[in-house]
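Chemist: For reference, this is structure25.txt, and it has compact mmCIF, C-alpha atoms.
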# COMPACT_ATOMS: atom_id res chain seq x y z
CA MET A 1 0.00 0.00 0.00
CA SER A 2 1.17 3.54 -0.71
CA LEU A 3 1.68 6.04 2.07
CA ARG A 4 -1.48 7.83 0.98
CA GLN A 5 -3.48 4.58 1.17
CA LEU A 6 -2.07 3.86 4.61
CA PHE A 7 -2.98 7.42 5.64
CA LEU A 8 -6.58 6.91 4.59
CA GLN A 9 -6.73 3.46 6.17
CA HIS A 10 -5.09 3.99 9.54
CA VAL A 11 -5.09 7.72 10.37
CA ALA A 12 -8.49 8.90 11.64
CA GLN A 13 -9.94 11.38 9.15
CA THR A 14 -11.69 14.62 10.04
CA SER A 15 -13.26 15.42 6.67
CA PRO A 16 -14.61 13.40 3.74
CA SER A 17 -11.95 14.78 1.36
CA PRO A 18 -8.62 15.60 3.03
CA VAL A 19 -6.16 17.65 0.98
CA GLY A 20 -3.80 14.68 1.03
CA ILE A 21 -0.57 16.32 -0.14
CA GLU A 22 2.36 14.21 1.07
CA ILE A 23 4.69 16.68 2.77
CA VAL A 24 8.29 15.53 3.24
CA ALA A 25 9.86 18.81 4.37
CA ALA A 26 9.03 22.35 5.44
CA ALA A 27 11.45 25.24 5.70
CA GLY A 28 10.96 28.96 6.11
CA ASN A 29 7.70 29.92 4.44
CA TYR A 30 7.40 26.83 2.23
CA LEU A 31 6.09 23.28 2.32
CA ILE A 32 7.71 20.64 0.07
CA ASP A 33 5.94 17.52 -1.16
CA ASN A 34 7.27 14.06 -2.10
CA ALA A 35 7.74 15.15 -5.72
CA GLY A 36 9.89 18.11 -4.68
CA LYS A 37 7.19 20.69 -5.41
CA LYS A 38 7.26 23.78 -3.18
CA TYR A 39 4.13 25.46 -1.80
CA LEU A 40 4.17 28.98 -0.40
CA ASP A 41 2.38 28.51 2.92
CA LEU A 42 -0.37 31.06 3.59
CA ILE A 43 -1.64 29.49 6.81
CA GLY A 44 1.49 28.57 8.78
CA GLY A 45 -0.04 25.45 10.32
CA ILE A 46 -3.07 27.60 11.29
CA SER A 47 -1.11 30.43 12.95
CA VAL A 48 1.39 28.05 14.57
CA CYS A 49 4.58 28.70 12.61
CA ASN A 50 4.79 32.45 13.16
CA ILE A 51 8.56 32.53 12.63
CA GLY A 52 8.43 30.07 9.72
CA HIS A 53 9.00 26.34 9.51
CA SER A 54 12.04 24.69 11.10
CA HIS A 55 13.67 27.90 12.29
CA PRO A 56 17.30 27.11 13.15
CA ALA A 57 17.01 28.61 16.64
CA VAL A 58 14.03 26.38 17.43
CA VAL A 59 15.64 23.25 16.01
CA GLU A 60 18.81 23.90 18.01
CA ALA A 61 16.84 24.47 21.22
CA ILE A 62 15.02 21.15 20.72
CA LYS A 63 18.31 19.31 20.15
CA GLU A 64 19.93 20.83 23.24
CA GLN A 65 16.99 19.97 25.48
CA ALA A 66 16.62 16.45 24.03
CA GLU A 67 20.17 15.71 25.11
CA LYS A 68 19.37 16.72 28.73
CA TYR A 69 16.01 15.09 29.44
CA LEU A 70 12.54 14.54 28.01
CA HIS A 71 9.55 13.69 30.19
CA ILE A 72 10.42 13.15 33.86
CA MET A 73 7.29 13.82 35.96
CA VAL A 74 3.79 15.25 35.70
CA TYR A 75 3.64 19.00 35.36
CA GLY A 76 4.04 21.16 38.46
CA GLU A 77 5.90 18.83 40.85
CA LEU A 78 9.56 19.07 39.86
CA VAL A 79 11.48 22.26 39.04
CA GLN A 80 12.21 21.98 35.33
CA SER A 81 14.21 24.86 33.90
CA PRO A 82 12.52 24.97 30.44
CA GLN A 83 9.11 25.45 32.09
CA VAL A 84 10.32 27.99 34.63
CA GLN A 85 12.31 30.04 32.13
CA TYR A 86 9.55 30.11 29.54
CA ALA A 87 6.83 30.97 32.07
CA SER A 88 9.01 33.80 33.38
CA LEU A 89 9.63 35.14 29.86
CA ILE A 90 5.92 35.11 29.02
CA ALA A 91 4.93 36.75 32.30
CA ALA A 92 7.52 39.49 31.77
CA HIS A 93 5.68 40.52 28.60
CA LEU A 94 2.15 40.47 30.03
CA PRO A 95 0.31 42.89 32.35
CA GLU A 96 1.13 42.52 36.04
CA ASN A 97 -2.05 40.59 36.91
CA LEU A 98 -1.20 37.87 34.35
CA ASN A 99 1.85 36.52 36.13
CA CYS A 100 1.23 32.79 36.64
CA VAL A 101 1.29 30.30 33.75
CA TYR A 102 -0.32 26.87 33.62
CA PHE A 103 1.05 24.97 30.61
CA THR A 104 -1.19 22.46 28.82
CA ASN A 105 -0.84 20.24 25.76
CA SER A 106 -3.03 22.34 23.48
CA GLY A 107 -5.22 25.41 23.14
CA THR A 108 -8.41 23.49 23.76
CA GLU A 109 -6.99 22.13 27.03
CA ALA A 110 -6.13 25.71 28.00
CA THR A 111 -9.81 26.52 27.47
CA GLU A 112 -10.87 23.66 29.73
CA GLY A 113 -8.46 24.75 32.46
CA ALA A 114 -9.61 28.36 32.29
CA LEU A 115 -13.28 27.38 32.60
CA LYS A 116 -12.47 25.29 35.68
CA LEU A 117 -10.44 28.12 37.17
CA ALA A 118 -13.25 30.64 36.62
CA ARG A 119 -15.76 28.39 38.38
CA ARG A 120 -13.30 27.69 41.20
CA VAL A 121 -12.53 31.38 41.74
CA THR A 122 -16.11 32.66 41.61
CA GLY A 123 -18.07 29.65 42.85
CA ARG A 124 -20.57 30.39 40.09
CA PRO A 125 -22.01 28.06 37.45
CA ASP A 126 -22.79 30.17 34.38
CA ILE A 127 -20.59 30.91 31.36
CA ILE A 128 -21.14 33.42 28.57
CA SER A 129 -19.52 33.02 25.16
CA CYS A 130 -19.97 34.41 21.67
CA ASN A 131 -21.78 33.19 18.61
CA ASN A 132 -19.26 32.14 15.97
CA GLY A 133 -16.60 31.88 18.66
CA TYR A 134 -14.11 29.02 18.58
CA HIS A 135 -12.13 27.70 21.55
CA GLY A 136 -11.45 24.05 20.70
CA HIS A 137 -13.30 20.77 20.24
CA THR A 138 -13.27 18.96 23.60
CA LEU A 139 -16.67 18.78 25.32
CA GLY A 140 -16.23 21.85 27.52
CA ALA A 141 -14.80 23.90 24.65
CA LEU A 142 -17.50 22.55 22.36
CA SER A 143 -20.16 23.70 24.83
CA ILE A 144 -19.03 27.29 24.48
CA MET A 145 -18.46 27.08 20.72
CA GLY A 146 -20.71 29.55 18.97
CA ASP A 147 -22.29 27.43 16.25
CA GLU A 148 -24.99 24.79 16.71
CA TYR A 149 -23.96 22.88 13.58
CA TRP A 150 -20.76 21.77 15.33
CA ARG A 151 -22.36 21.23 18.77
CA ASN A 152 -25.56 19.38 18.03
CA ALA A 153 -24.23 15.88 17.33
CA PHE A 154 -22.47 15.72 20.72
CA ARG A 155 -25.19 16.87 23.12
CA PRO A 156 -25.77 16.92 26.06
CA LEU A 157 -23.05 19.48 26.75
CA LEU A 158 -22.20 21.76 29.70
CA PRO A 159 -25.29 23.40 31.23
CA GLY A 160 -25.41 27.09 32.07
CA VAL A 161 -23.78 28.36 28.86
CA GLY A 162 -25.26 31.37 27.07
CA HIS A 163 -24.27 32.36 23.53
CA TYR A 164 -24.59 35.97 22.37
CA ASP A 165 -23.45 37.96 19.38
CA PHE A 166 -19.96 39.43 19.46
CA ASN A 167 -20.12 43.22 19.88
CA SER A 168 -23.75 43.03 21.10
CA ASP A 169 -25.41 44.86 23.99
CA ALA A 170 -27.33 41.65 24.71
CA LEU A 171 -24.13 39.94 25.80
CA ILE A 172 -23.29 42.70 28.28
CA GLN A 173 -26.84 42.74 29.65
CA ALA A 174 -26.73 38.97 30.21
CA ILE A 175 -23.84 39.23 32.69
CA ASN A 176 -25.03 38.95 36.28
CA GLU A 177 -24.10 37.66 39.75
CA HIS A 178 -24.42 34.05 38.55
CA THR A 179 -21.91 34.47 35.71
CA ALA A 180 -18.53 32.89 36.40
CA CYS A 181 -16.89 34.20 33.25
CA VAL A 182 -17.21 35.69 29.81
CA ILE A 183 -14.91 33.92 27.36
CA MET A 184 -14.21 35.38 23.93
CA GLU A 185 -11.55 35.57 21.26
CA THR A 186 -9.87 38.94 21.32
CA ILE A 187 -10.32 38.97 17.55
CA GLN A 188 -12.75 36.33 16.28
CA GLY A 189 -10.76 34.11 13.95
CA GLU A 190 -12.98 31.34 12.63
CA ALA A 191 -15.81 33.84 12.17
CA GLY A 192 -13.70 35.40 9.43
CA VAL A 193 -11.61 37.95 11.35
CA ILE A 194 -14.08 40.06 13.34
CA ALA A 195 -12.56 42.71 15.63
CA PRO A 196 -14.29 44.04 18.75
CA ASP A 197 -15.60 47.58 18.98
CA PRO A 198 -13.31 49.29 21.54
CA ALA A 199 -16.22 51.04 23.30
CA TRP A 200 -18.09 47.73 23.54
CA LEU A 201 -15.03 46.02 24.98
CA ILE A 202 -14.67 48.71 27.64
CA ALA A 203 -18.37 48.41 28.55
CA LEU A 204 -17.98 44.63 28.74
CA LYS A 205 -15.03 44.86 31.11
CA THR A 206 -16.88 47.40 33.26
CA ARG A 207 -19.88 45.09 33.59
CA CYS A 208 -17.63 42.15 34.47
CA THR A 209 -15.96 44.20 37.20
CA GLU A 210 -19.32 45.34 38.60
CA THR A 211 -20.61 41.78 38.88
CA GLY A 212 -17.38 40.02 39.90
CA THR A 213 -17.31 38.11 36.61
CA LEU A 214 -13.98 37.02 35.17
CA LEU A 215 -13.10 38.08 31.62
CA ILE A 216 -11.19 35.49 29.57
CA PHE A 217 -9.47 36.48 26.33
CA ASP A 218 -8.63 33.68 23.92
CA GLU A 219 -5.36 34.70 22.25
CA ILE A 220 -4.66 31.22 20.92
CA GLN A 221 -4.81 32.31 17.28
CA CYS A 222 -4.14 36.05 17.51
CA GLY A 223 -1.24 36.03 19.96
CA PHE A 224 2.51 36.11 19.34
CA GLY A 225 2.60 38.99 16.89
CA ARG A 226 -0.16 37.84 14.57
CA THR A 227 -2.02 41.16 14.76
CA GLY A 228 1.03 43.43 14.69
CA LYS A 229 1.38 43.53 18.47
CA LEU A 230 2.65 40.74 20.69
CA TRP A 231 -0.86 40.19 22.09
CA GLY A 232 -4.10 41.02 20.31
CA PHE A 233 -5.58 42.73 23.38
CA GLU A 234 -2.79 45.32 23.27
CA HIS A 235 -4.82 47.07 20.56
CA TYR A 236 -7.49 47.85 23.17
CA PRO A 237 -7.59 49.51 26.63
CA VAL A 238 -8.78 46.33 28.35
CA VAL A 239 -6.82 43.67 30.25
CA PRO A 240 -8.41 40.25 30.88
CA ASP A 241 -8.44 38.27 34.12
CA ILE A 242 -7.33 35.12 32.30
CA VAL A 243 -5.65 34.80 28.92
CA LEU A 244 -5.41 31.67 26.76
CA LEU A 245 -2.40 30.90 24.58
CA GLY A 246 -1.66 28.11 22.12
CA LYS A 247 -0.65 27.49 18.49
CA ALA A 248 2.52 29.64 18.12
CA LEU A 249 3.22 29.20 21.86
CA GLY A 250 5.15 25.97 21.26
CA GLY A 251 7.25 27.16 18.32
CA GLY A 252 5.86 24.30 16.23
CA LEU A 253 5.52 21.73 19.02
CA PRO A 254 2.25 21.01 20.90
CA MET A 255 1.51 23.43 23.72
CA GLY A 256 -1.20 25.59 25.25
CA ALA A 257 -1.46 27.70 28.39
CA PHE A 258 -3.94 29.54 30.55
CA ILE A 259 -2.53 32.46 32.49
CA SER A 260 -3.90 34.42 35.42
CA SER A 261 -2.76 35.89 38.71
CA HIS A 262 -0.76 33.83 41.19
CA SER A 263 -3.49 34.23 43.81
CA MET A 264 -6.16 32.80 41.51
CA MET A 265 -3.99 29.94 40.33
CA GLN A 266 -3.26 28.95 43.94
CA LEU A 267 -6.91 27.96 44.29
CA LEU A 268 -6.18 24.92 42.11
CA THR A 269 -3.83 23.57 44.81
CA HIS A 270 -6.46 22.81 47.46
CA ASN A 271 -10.15 21.92 47.92
CA PRO A 272 -9.40 19.71 46.03
CA VAL A 273 -5.67 19.19 45.92
CA LEU A 274 -4.55 18.63 42.30
CA GLY A 275 -7.44 20.77 41.11
CA HIS A 276 -6.06 20.62 37.60
CA ILE A 277 -3.30 18.26 36.48
CA THR A 278 -1.63 17.17 33.26
CA THR A 279 0.99 14.55 32.43
CA PHE A 280 2.59 16.14 29.37
CA GLY A 281 1.57 19.80 29.63
CA GLY A 282 4.65 22.02 29.64
CA HIS A 283 6.78 19.28 28.11
CA PRO A 284 10.47 20.26 28.23
CA LEU A 285 10.89 20.03 24.45
CA SER A 286 7.83 22.19 23.80
CA CYS A 287 8.94 24.77 26.34
CA ALA A 288 12.45 24.92 24.89
CA ALA A 289 11.11 25.28 21.35
CA GLY A 290 8.49 27.84 22.32
CA MET A 291 10.94 29.99 24.27
CA ALA A 292 13.38 29.99 21.35
CA ALA A 293 10.62 31.02 18.97
CA MET A 294 9.39 33.79 21.27
CA LYS A 295 12.91 35.17 21.59
CA VAL A 296 13.18 35.33 17.79
CA LEU A 297 9.96 37.35 17.72
CA LEU A 298 11.07 39.69 20.49
CA GLU A 299 14.62 40.29 19.30
CA GLY A 300 13.96 40.95 15.61
CA ASP A 301 11.72 43.24 13.57
CA ILE A 302 9.23 40.56 12.56
CA ILE A 303 6.31 42.03 14.52
CA ASP A 304 7.18 45.57 13.45
CA GLN A 305 6.72 44.61 9.78
CA VAL A 306 3.29 43.02 10.20
CA ALA A 307 1.27 46.21 9.59
CA ALA A 308 3.12 46.97 6.35
CA LYS A 309 2.64 43.40 5.14
CA GLU A 310 -1.06 43.56 5.96
CA LYS A 311 -1.33 46.80 3.98
CA LEU A 312 0.43 45.23 0.99
CA PHE A 313 -1.91 42.21 0.97
CA ARG A 314 -4.93 44.51 1.03
CA SER A 315 -3.57 46.70 -1.77
CA LEU A 316 -2.87 43.74 -4.08
CA LEU A 317 -6.01 41.68 -3.50
CA LEU A 318 -8.21 43.40 -6.09
CA HIS A 319 -10.66 41.31 -8.10
CA PRO A 320 -14.40 41.52 -8.92
CA SER A 321 -15.01 38.23 -7.06
CA ILE A 322 -13.66 39.62 -3.79
CA LYS A 323 -16.62 41.00 -1.86
CA ASN A 324 -14.75 42.12 1.24
CA ILE A 325 -11.45 41.87 3.08
CA ARG A 326 -11.28 41.85 6.88
CA SER A 327 -7.93 41.85 8.61
CA LYS A 328 -6.05 42.43 11.82
CA GLY A 329 -2.38 42.23 11.02
CA LEU A 330 -1.57 39.02 9.19
CA LEU A 331 -4.88 37.41 10.09
CA ILE A 332 -6.86 38.10 6.93
CA ALA A 333 -10.21 36.91 5.58
CA VAL A 334 -10.83 37.32 1.86
CA GLU A 335 -14.57 36.99 1.30
CA LEU A 336 -15.77 35.55 -2.03
CA GLU A 337 -19.24 34.93 -3.46
CA SER A 338 -19.66 31.42 -2.01
CA ALA A 339 -18.03 28.53 -0.19
CA ASN A 340 -17.93 26.61 -3.46
CA GLN A 341 -15.90 29.38 -5.09
CA VAL A 342 -13.48 29.30 -2.16
CA THR A 343 -13.03 25.53 -2.51
CA GLN A 344 -12.41 25.74 -6.25
CA THR A 345 -10.00 28.65 -5.86
CA LEU A 346 -8.00 26.86 -3.16
CA GLN A 347 -7.70 23.78 -5.40
CA HIS A 348 -6.35 25.92 -8.25
CA CYS A 349 -3.93 27.60 -5.83
CA ILE A 350 -2.49 24.23 -4.79
CA GLY A 351 -1.85 23.46 -8.45
CA LYS A 352 0.16 26.68 -8.71
CA GLY A 353 2.14 26.15 -5.52
CA LEU A 354 0.12 28.21 -3.05
CA PHE A 355 -1.36 26.60 0.06
CA SER A 356 -4.26 28.16 1.95
CA ASP A 357 -7.53 27.28 3.69
CA TRP A 358 -10.97 28.55 4.76
CA PHE A 359 -12.64 29.43 8.09
CA LEU A 360 -14.93 27.16 10.14
CA PHE A 361 -17.74 29.72 10.52
CA ALA A 362 -16.96 31.66 7.36
CA PRO A 363 -16.54 29.07 4.58
CA SER A 364 -16.99 31.76 1.92
CA CYS A 365 -13.69 33.33 3.05
CA ILE A 366 -10.12 32.38 2.16
CA ARG A 367 -7.81 32.33 5.16
CA ILE A 368 -4.53 34.23 4.91
CA ALA A 369 -2.41 33.75 8.03
CA PRO A 370 1.11 33.06 6.78
CA PRO A 371 4.27 32.86 8.83
CA LEU A 372 5.00 36.41 9.93
CA THR A 373 8.34 35.99 8.16
CA ILE A 374 6.70 36.02 4.73
CA THR A 375 8.63 38.50 2.59
CA PHE A 376 7.18 41.42 0.63
CA GLU A 377 8.26 39.66 -2.58
CA GLU A 378 6.43 36.50 -1.51
CA ILE A 379 3.30 38.54 -0.77
CA HIS A 380 3.39 39.85 -4.35
CA GLN A 381 3.82 36.27 -5.58
CA ALA A 382 0.97 34.94 -3.42
CA CYS A 383 -1.46 37.65 -4.48
CA GLU A 384 -0.58 37.21 -8.15
CA ILE A 385 -1.33 33.48 -7.92
CA LEU A 386 -4.53 34.04 -5.94
CA ILE A 387 -5.84 36.63 -8.39
CA SER A 388 -5.00 34.41 -11.38
CA CYS A 389 -6.85 31.51 -9.75
CA LEU A 390 -9.90 33.68 -9.14
Rewrite the coordinates I just gave you, this time as structure tokens.

Modeler:
Amino acid sequence: MSLRQLFLQHVAQTSPSPVGIEIVAAAGNYLIDNAGKKYLDLIGGISVCNIGHSHPAVVEAIKEQAEKYLHIMVYGELVQSPQVQYASLIAAHLPENLNCVYFTNSGTEATEGALKLARRVTGRPDIISCNNGYHGHTLGALSIMGDEYWRNAFRPLLPGVGHYDFNSDALIQAINEHTACVIMETIQGEAGVIAPDPAWLIALKTRCTETGTLLIFDEIQCGFGRTGKLWGFEHYPVVPDIVLLGKALGGGLPMGAFISSHSMMQLLTHNPVLGHITTFGGHPLSCAAGMAAMKVLLEGDIIDQVAAKEKLFRSLLLHPSIKNIRSKGLLIAVELESANQVTQTLQHCIGKGLFSDWFLFAPSCIRIAPPLTITFEEIHQACEILISCL
């Protein structure tokens, strides 16, 4: 059997028609298949590879840590320098109240941990989330997902969850003394890049403070420079009580995190003890890789160039089929006439060496979220191919 046949036979599938390109290497901003064909990557592993694929600093950090030790004990019991150093680096670049990091294996596990923490801190049952919001696919995360199409087949889900429109007064009015938390993406990604109204965000935070409700920002997709600032919420005058990280957090290796104040996190240590535990969360290799990647972001001009690259994409993406473009940095949604047109266009793009995708709640939009290291020349190349395919 060929590798593709084995893939279809033994690797659990998530869609009826997987793309199925056999990738043998990835470097910089490109994927390379088994025939040697190169694909300019416009999605970066879904906002994971923010500094490109196989960055030398990340690869070297992985090698160095692998020679010292791999897994040695469940998270939180032994002092492991990769965890401590990376947590300290992250905390140093967050507001003062976000100073304690709980590493998980993925973004969706960060969501689960944050929901537990909010209920533990407040002693309240209810959760408010947004329509067309995405926070992962485990049962708790699925309960707060803002689309019934994805939820319905797996009911019953968590009780006490209310879904309201992003940027709506109804969401603010729903917050009361029974609400443990409001959880939302700082910029809605899978909805097709929807940014919050700053005045609405301020009113939301005010209402949360009045009622003792925790505000959770999901930065899993928009963090680590994606929007042109290190964190998406830095565009707005609001600081959350808990922040979720993932995707680019691990530098290409699996990792998530939920982050809050030390005093809140301490509540997970008693009543019950081991209030939240993980075997592989904060794995030494992932921490070493993630810290190396974050240092590359912080020490270079990659983030500083994001706004100019966003502007260039917007200036070049001109075609009668493009109905709208929504963007926040290098998180861009290119809206076409229909989902079918998106599918056909993406297939043509693959043929011409350009790899992209669509959005879960906005299938009529092409996703553009390349490595932040994409060059201005490569942006010209990508837009030329995309326009020709349209």

Chemist: Closest to His135 in chain A among A:Lys247, A:His276, A:Arg226, A:Lys323, using only C-alpha atoms?

Modeler: A:Lys247

Chemist: One decimal, in Å: what's the spacing between CA of Met264 in chain A and CA of Gly107 in chain A?

Modeler: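 Separating CA of Met264 in chain A from CA of Gly107 in chain A is a distance of 19.8 Å.
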
Chemist: Env of Ala382 in chain A: 9 Å cut, atoms = all atoms listed in the file, seq-sep filter 4 positions within chain, self excluded. Answer as a ChimeraX atom specification.

Modeler: /A:40,42,313,354,377-378,386-387

Chemist: Which residues, written as a ChimeraX atom specification, have at least one atom at most 7 Å from range 142-149 of chain A, with only C-alpha atoms counted and residues fewer than 5 positions away on the same chain left out?

Modeler: /A:129-137,157-158,161,163

Chemist: Suppose you want the space between CA of Pro56 in chain A and CA of Leu312 in chain A; what is it in Å?

Modeler: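 Between CA of Pro56 in chain A and CA of Leu312 in chain A the gap works out to 27.6 Å.
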
Chemist: For Pro198 in chain A, which of A:Thr108, A:Thr211, A:Ser81, A:Asn167 is the closest residue, counting all atoms listed in the file?

Modeler: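 With all atoms listed in the file as the atom set, the closest residue is A:Asn167.
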
Chemist: Could you jot down the CA of Pro371 in chain A to CA of Leu318 in chain A separation for me, Å, one decimal place?

Modeler: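 Distance reported for this atom pair: 22.1 Å.
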
Chemist: Nearest to His380 in chain A among A:His93, A:Lys309, A:Lys352, A:Arg155, with distances taken over all atoms listed in the file: which residue is it?

Modeler: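 Among the listed residues, A:Lys309 lies closest to His380 in chain A.
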
Chemist: In terms of the shortest atom-to-atom distance over all atoms listed in the file, which of A:Arg367, A:His178, A:His71, A:Arg124 is closest to Thr345 in chain A?

Modeler: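 Smallest separation from Thr345 in chain A among the options: A:Arg367.
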
Chemist: Go through A:Glu22, A:Cys365, A:Gly212, A:Cys287 one by one, measure the shortest atom-to-atom distance of each to Gly36 in chain A using all atoms listed in the file, and give the residue with the smallest value.

Modeler: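 Among A:Glu22, A:Cys365, A:Gly212, A:Cys287, it is A:Glu22 that comes nearest to Gly36 in chain A.
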
Chemist: Taking all atoms listed in the file into account, which of A:Ala180, A:Ala57, A:Cys389, A:Leu31 comes nearest Gly351 in chain A?

Modeler: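 Among the listed residues, the smallest separation from Gly351 in chain A belongs to A:Cys389.
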
Chemist: Go through range 154-216 of chain A residue by residue and, counting all atoms listed in the file, keep those with an atom at most 10 Å from range 331-343 of chain A; for each kept residue give the shortest atom pair and its distance in Å to one decimal, ordered by chain and increasing number, as JSON lines.

Modeler:
{"residue": "A:Ile187", "atom": "CA", "partner": "A:Leu331", "partner_atom": "CA", "distance": 9.4}
{"residue": "A:Gly189", "atom": "CA", "partner": "A:Leu331", "partner_atom": "CA", "distance": 7.8}
{"residue": "A:Glu190", "atom": "CA", "partner": "A:Ala333", "partner_atom": "CA", "distance": 9.4}
{"residue": "A:Ala191", "atom": "CA", "partner": "A:Ala333", "partner_atom": "CA", "distance": 9.2}
{"residue": "A:Gly192", "atom": "CA", "partner": "A:Ala333", "partner_atom": "CA", "distance": 5.4}
{"residue": "A:Val193", "atom": "CA", "partner": "A:Ala333", "partner_atom": "CA", "distance": 6.0}
{"residue": "A:Ile194", "atom": "CA", "partner": "A:Ala333", "partner_atom": "CA", "distance": 9.2}

Chemist: Could those residues be written to a file, using C-alpha atoms, as a short mmCIF file (atom, residue, chain, number, x, y, z; two decimals), keeping the file's coordinate frame?

Modeler:
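Once everything was written out, this is out-v9.cif:
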data_model
loop_
_atom_site.label_atom_id
_atom_site.label_comp_id
_atom_site.auth_asym_id
_atom_site.auth_seq_id
_atom_site.Cartn_x
_atom_site.Cartn_y
_atom_site.Cartn_z
CA ILE A 187 -10.32 38.97 17.55
CA GLY A 189 -10.76 34.11 13.95
CA GLU A 190 -12.98 31.34 12.63
CA ALA A 191 -15.81 33.84 12.17
CA GLY A 192 -13.70 35.40 9.43
CA VAL A 193 -11.61 37.95 11.35
CA ILE A 194 -14.08 40.06 13.34
#

Chemist: Please list as a PyMOL selection string every residue within 12 Å of Asp301 in chain A, counting all atoms listed in the file and excluding residues in the same chain fewer than 6 positions away.

Modeler: chain A and resi 51+225+228-230+295+307-308+372-373

Chemist: Do you know which residues are at most 10 Å from Lys38 in chain A counting all atoms listed in the file, after dropping those on the same chain fewer than 3 positions away, and could you put them as a list in words?

Modeler: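 Contacts, with the query itself left out: Ile23, Ala25, Ala26, Ala27, Asn29, Tyr30, Leu31, Ile32, Asp33, Asn34, Ala35, Asp41, Ile350, Lys352, Gly353, Leu354 and Phe355 of chain A.
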
Chemist: Can you build me a table of range 186-283 of chain A residues sitting at most 10 Å from range 112-121 of chain A, with the closest atom pair per residue and its distance in Å to one decimal, using only C-alpha atoms, sorted by chain and residue number, as CSV?

Modeler:
residue,atom,partner,partner_atom,distance
A:Thr213,CA,A:Ala118,CA,8.5
A:Leu214,CA,A:Ala118,CA,6.6
A:Leu215,CA,A:Ala118,CA,9.0
A:Ile216,CA,A:Ala114,CA,7.8
A:Asp218,CA,A:Ala114,CA,10.0
A:Asp241,CA,A:Ala118,CA,9.4
A:Ile242,CA,A:Ala114,CA,7.1
A:Val243,CA,A:Ala114,CA,8.3
A:Leu244,CA,A:Ala114,CA,7.7
A:Ala257,CA,A:Gly113,CA,8.6
A:Phe258,CA,A:Ala114,CA,6.0
A:Ile259,CA,A:Ala114,CA,8.2
A:Ser260,CA,A:Ala114,CA,8.9
A:Ser263,CA,A:Val121,CA,9.7
A:Met264,CA,A:Val121,CA,6.5
A:Met265,CA,A:Leu117,CA,7.4
A:Gln266,CA,A:Val121,CA,9.8
A:Leu267,CA,A:Val121,CA,7.1
A:Leu268,CA,A:Leu117,CA,7.3
A:Asn271,CA,A:Arg120,CA,9.4
A:Gly275,CA,A:Lys116,CA,8.7
A:His276,CA,A:Gly113,CA,7.0
A:Ile277,CA,A:Gly113,CA,9.2
